[in-house]
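Encoded as structure tokens, the structure appears first; notes follow it.
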Amino acid sequence: MARWPWQRATGARPVGKARRTREVVTAEGLRLTLTLAPRGSRVAALLIDLVMMFMIMLATGVVLSRLSHGAFAGVRKPQNAGLQGLIETLQVLWILALFLVPNVWFVWFELGARGATPGKRLLGIRIAARPARDGTAARLKAEAVIARNLLRNIELFMPVVFIAGALNAGSDTTLAGWAALVWFGIFALFPFLNRDALRGGDVIAGTWVVEVPRHRLGDAMSLGQGAQGISTLTGAQYRFSEAELAIYGEYELQVLERVLRDTSQAQAKALQDVSQAICAKIGWTSGAGDERAFLEAYYTQLRARLETGMRLGKRKADKHDGG
Amino acid sequence: MSTILPRWFSRRDTAAIAAAQQASLRSDRFRLEREADWRRLETIVARIEAGRLRAISDDDLVALPALYRTLVSSLSVARDTTLDAATLAYLEALAQRAWFVVYGPEITFRGWLRRFFGGGWSAAVRAIGPDILIALAIMIIGTVIGWLLVANDPDWFYALMPAQPGDPRVPGASHAALLGSLFGKGQKSGLAMFAAYLFSNNAQVSILCFALGFAFGLPTILLLVHNTALLGALLWLYHGQGLTLDLIGWLSVHGTTELFAIMLAGASGIHIGRAMAFPGQRAVLDAAAQAGRRTATVMIGVVLMLIVAGLLEGFARQLINATAPRLMLGGAMLVWWLGYFFIYRGKGARR
């Protein structure tokens, strides 16, 4: 039985960012976790693109009209056939630009290696092919990019044409305005009516919009003296017993990692707080001034312990986890 | 693992491996030994993303697939052995970016063009054959409806074709006036602009025809009926003055191409509408996506056909001022399109 786009799969609903993550499996058998782009980013990206296209069209219009003005300069009536031809060419260029810019802009950029228009790129999102039902990652096809952008014509540009047409014909503009609004509303709401935030074009093309993750590779943590447990400041060596390390789990380890990697002003304070908390927990008396070395030593030894457990198939999620 | 690519190790990499001996954690040693490969992959990926393919050395391009596979295995090992959140996040992000690059759009633009003209386009048209028949039937019905409506009540003519001041094509027009509209001297200048205008107008209509298929194809059908009803009304008008053949000649110059294109656009819309209304065993989303991708190829062709039609209408029709050559040109275009779509089977048809 076919499932409609607006029907939810049964099962518990995840919350927060987890609601936006989707797993795909590549041909190599690698699980990739994609994060769907938030709807707000997509709207913002679209607005940026529209502004950019508008600027381009404006610039084209100004250049072309300047050129034709230049051609007319000094000639009262364009009798000259060559001049006529030139002006005609400019008009043709203008009509073609009006058609081509909005239709080609999206396709051209989304077919590139980034899979993103300038607006999407600024917002850190891109388009990708939706995976098959079994989660197998699919390749983005040229046809898909074309199809999803052809749909833009009815989603976005048609209400405008609708109103403009009504204004032109001098008929009841309020009615046309309402019709356009309803029409636009249907497509604008479409991404809210399905789980994957698909708009009409995504449905037709089999695509979706995902975030482009960017992370710098941080330094390796277990290099240097601190990780050996030797304080560079005092020369003291920190060694923690099995019982002292068994208190915390992976969650606390990662909090500690964030504190140690943090380079902001607040770091010194955070280091103090965390080391006090740990000392209180494991029953040490905390000294002052050597927190960094203390925490680096604790981090390294805790990670070594947890990773050894991991290799043996034993994991401890956090301090409440018995494992 | 790094021994997969031993030839490419630089002195710096060797230094990194020396550093790895120093790291006290096993997972950090794992990371330091492979870091150089990851960073190299990251540089290549960033260059491809930026479109600076020329900035990538041949060595790098050759190494890309191997580097990608190295990264994939690094990531799956790291997921099971390291608790370094920053490194994991980096690997996950890099794997995604690299995947998009390695499995990016399947072919280059030029390759796609070659496939498109070398049979891909006609194969896509043949694939929606039933829908083309439906669209053709609707267009014929629309024409007949238009004719019958106007024949019963000439006022319908104005409803179908909003009167424009100075247009001689109205019910009750004289033979001479109608003849003049077909063979008018017409200004020979301004043709290029006329052609461009016609193209952009028709292209918008056909894209609309396609895109409206999204609403289960019904608006597409209405749009087809409306447009062809106009044709029926015109036929009735000229028929009344015995000018049917001349009108057909006038229309056929570009009409065989243009109406063919609109028929294909309508068929594409109907194809999508049908796939969504009757997805069969497939999920609605899958059915719609399949239909959308198949018809997108047809639609690119439609836009190209409309460029041809615009040129024919803008230039050829104004320059050829007799019915017989007009009919011949229109007929030749029709034969060409039919032959290209339904007889020609190039290599590009294999996908």
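How things are named: the first chain in the structure tokens is A, the next is B, and so on; residues count from 1 in each chain; ligands count from 1 in the order shown.
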
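Those residues that approach segment 206-212 of chain A to within 7 Å, counting only C-alpha atoms, are Leu34, Thr35, Leu36, Ala37, Gly124, Ile125, Arg126, Ile127, Ala128, Ala129, Arg130, Ala144, Leu198, Asp202 and Val203 of chain A; Ala289 of chain B; same-chain residues fewer than 3 positions away are not listed.
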
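Near chain B, the residues of chain A that fall inside 6 Å (using only C-alpha atoms) are A:Ala2, A:Arg3, A:Val92, A:Phe99, A:Ala113, A:Arg114, A:Leu140, A:Lys141, A:Glu143, A:Ala144, A:Ala147, A:Leu151, A:Val203, A:Ile204, A:Ala205, A:Gly206, A:Pro213, A:Arg214, A:His215, A:Leu217, A:Ser222, A:Leu223.
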
Smallest atom-to-atom distance to Thr323 of chain B: which of B:Ala135, B:Ile56, B:Leu64, B:Leu247, using only C-alpha atoms?
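Residue with the minimum atom-to-atom distance to Thr323 of chain B: B:Leu247.
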
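A straight line drawn from atom CA of Arg42 of chain A to atom CA of Phe184 of chain A is 16.1 Å long.
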
How would you write, as a VMD selection string, the set of residues in segment 79-180 of chain A that DSSP gives as strand (DSSP E or B)?
chain A and resid 125 to 129 136

Leaving out Ala267 of chain B and any residue of its chain fewer than 3 positions from it, which residues lie within 9 Å of it when counting only C-alpha atoms, given as a VMD selection string?
chain B and resid 128 to 136 209 to 210 213 220 262 to 264 270 to 272 295

Give me a file of those residues, with N, CA and C atoms, as a short mmCIF file (atom, residue, chain, number, x, y, z; two decimals), in the first residue's frame.
data_model
loop_
_atom_site.label_atom_id
_atom_site.label_comp_id
_atom_site.auth_asym_id
_atom_site.auth_seq_id
_atom_site.Cartn_x
_atom_site.Cartn_y
_atom_site.Cartn_z
N ILE B 128 7.15 8.18 -22.68
CA ILE B 128 5.85 8.68 -22.23
C ILE B 128 4.82 8.58 -23.36
N GLY B 129 5.02 7.59 -24.23
CA GLY B 129 4.14 7.41 -25.39
C GLY B 129 2.65 7.45 -25.07
N PRO B 130 2.18 6.67 -24.10
CA PRO B 130 0.74 6.68 -23.80
C PRO B 130 0.24 8.07 -23.43
N ASP B 131 1.08 8.79 -22.69
CA ASP B 131 0.66 10.13 -22.26
C ASP B 131 0.59 11.08 -23.45
N ILE B 132 1.48 10.86 -24.43
CA ILE B 132 1.43 11.70 -25.63
C ILE B 132 0.11 11.46 -26.35
N LEU B 133 -0.30 10.20 -26.42
CA LEU B 133 -1.58 9.91 -27.07
C LEU B 133 -2.73 10.59 -26.33
N ILE B 134 -2.68 10.54 -24.99
CA ILE B 134 -3.73 11.19 -24.21
C ILE B 134 -3.73 12.69 -24.51
N ALA B 135 -2.53 13.29 -24.49
CA ALA B 135 -2.45 14.73 -24.74
C ALA B 135 -2.96 15.07 -26.12
N LEU B 136 -2.61 14.22 -27.11
CA LEU B 136 -3.07 14.47 -28.47
C LEU B 136 -4.60 14.42 -28.52
N CYS B 209 2.43 24.01 -18.23
CA CYS B 209 1.73 22.77 -18.58
C CYS B 209 2.37 21.59 -17.85
N PHE B 210 3.70 21.59 -17.84
CA PHE B 210 4.44 20.51 -17.19
C PHE B 210 4.25 20.58 -15.67
N GLY B 213 1.18 19.47 -13.81
CA GLY B 213 0.94 18.04 -13.69
C GLY B 213 1.00 17.60 -12.24
N THR B 220 -3.27 20.71 -16.12
CA THR B 220 -2.61 20.54 -17.41
C THR B 220 -3.64 20.32 -18.50
N ILE B 262 4.08 21.74 -27.28
CA ILE B 262 3.08 21.89 -26.22
C ILE B 262 2.43 20.55 -25.89
N MET B 263 2.27 19.73 -26.93
CA MET B 263 1.73 18.40 -26.68
C MET B 263 2.67 17.60 -25.78
N LEU B 264 3.98 17.69 -26.06
CA LEU B 264 4.95 16.97 -25.22
C LEU B 264 4.94 17.50 -23.79
N ILE B 270 0.81 15.26 -17.73
CA ILE B 270 -0.13 14.15 -17.52
C ILE B 270 0.60 12.93 -16.95
N HIS B 271 1.83 12.72 -17.44
CA HIS B 271 2.63 11.59 -16.96
C HIS B 271 2.84 11.70 -15.45
N ILE B 272 3.22 12.89 -15.01
CA ILE B 272 3.44 13.09 -13.56
C ILE B 272 2.12 12.93 -12.81
N THR B 295 10.47 13.02 -17.22
CA THR B 295 9.89 14.07 -18.05
C THR B 295 10.75 15.32 -18.09
#

If you run DSSP on the backbone here, which positions in segment 12-218 of chain B get alpha helix (DSSP H)? Please write them as number ranges by chain.
B: 12-22, 26-49, 58-81, 85-102, 109-115, 121-127, 129-152, 155-160, 175-183, 191-211, 218

Length of the atom CA of Tyr344 of chain B to atom CA of Leu311 of chain B vector [Å]
24.2 Å

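Minimum distance to Asp290 of chain A across A:Val104, A:Leu181, A:Met55, A:Ala268 (counting only C-alpha atoms) occurs at A:Ala268.
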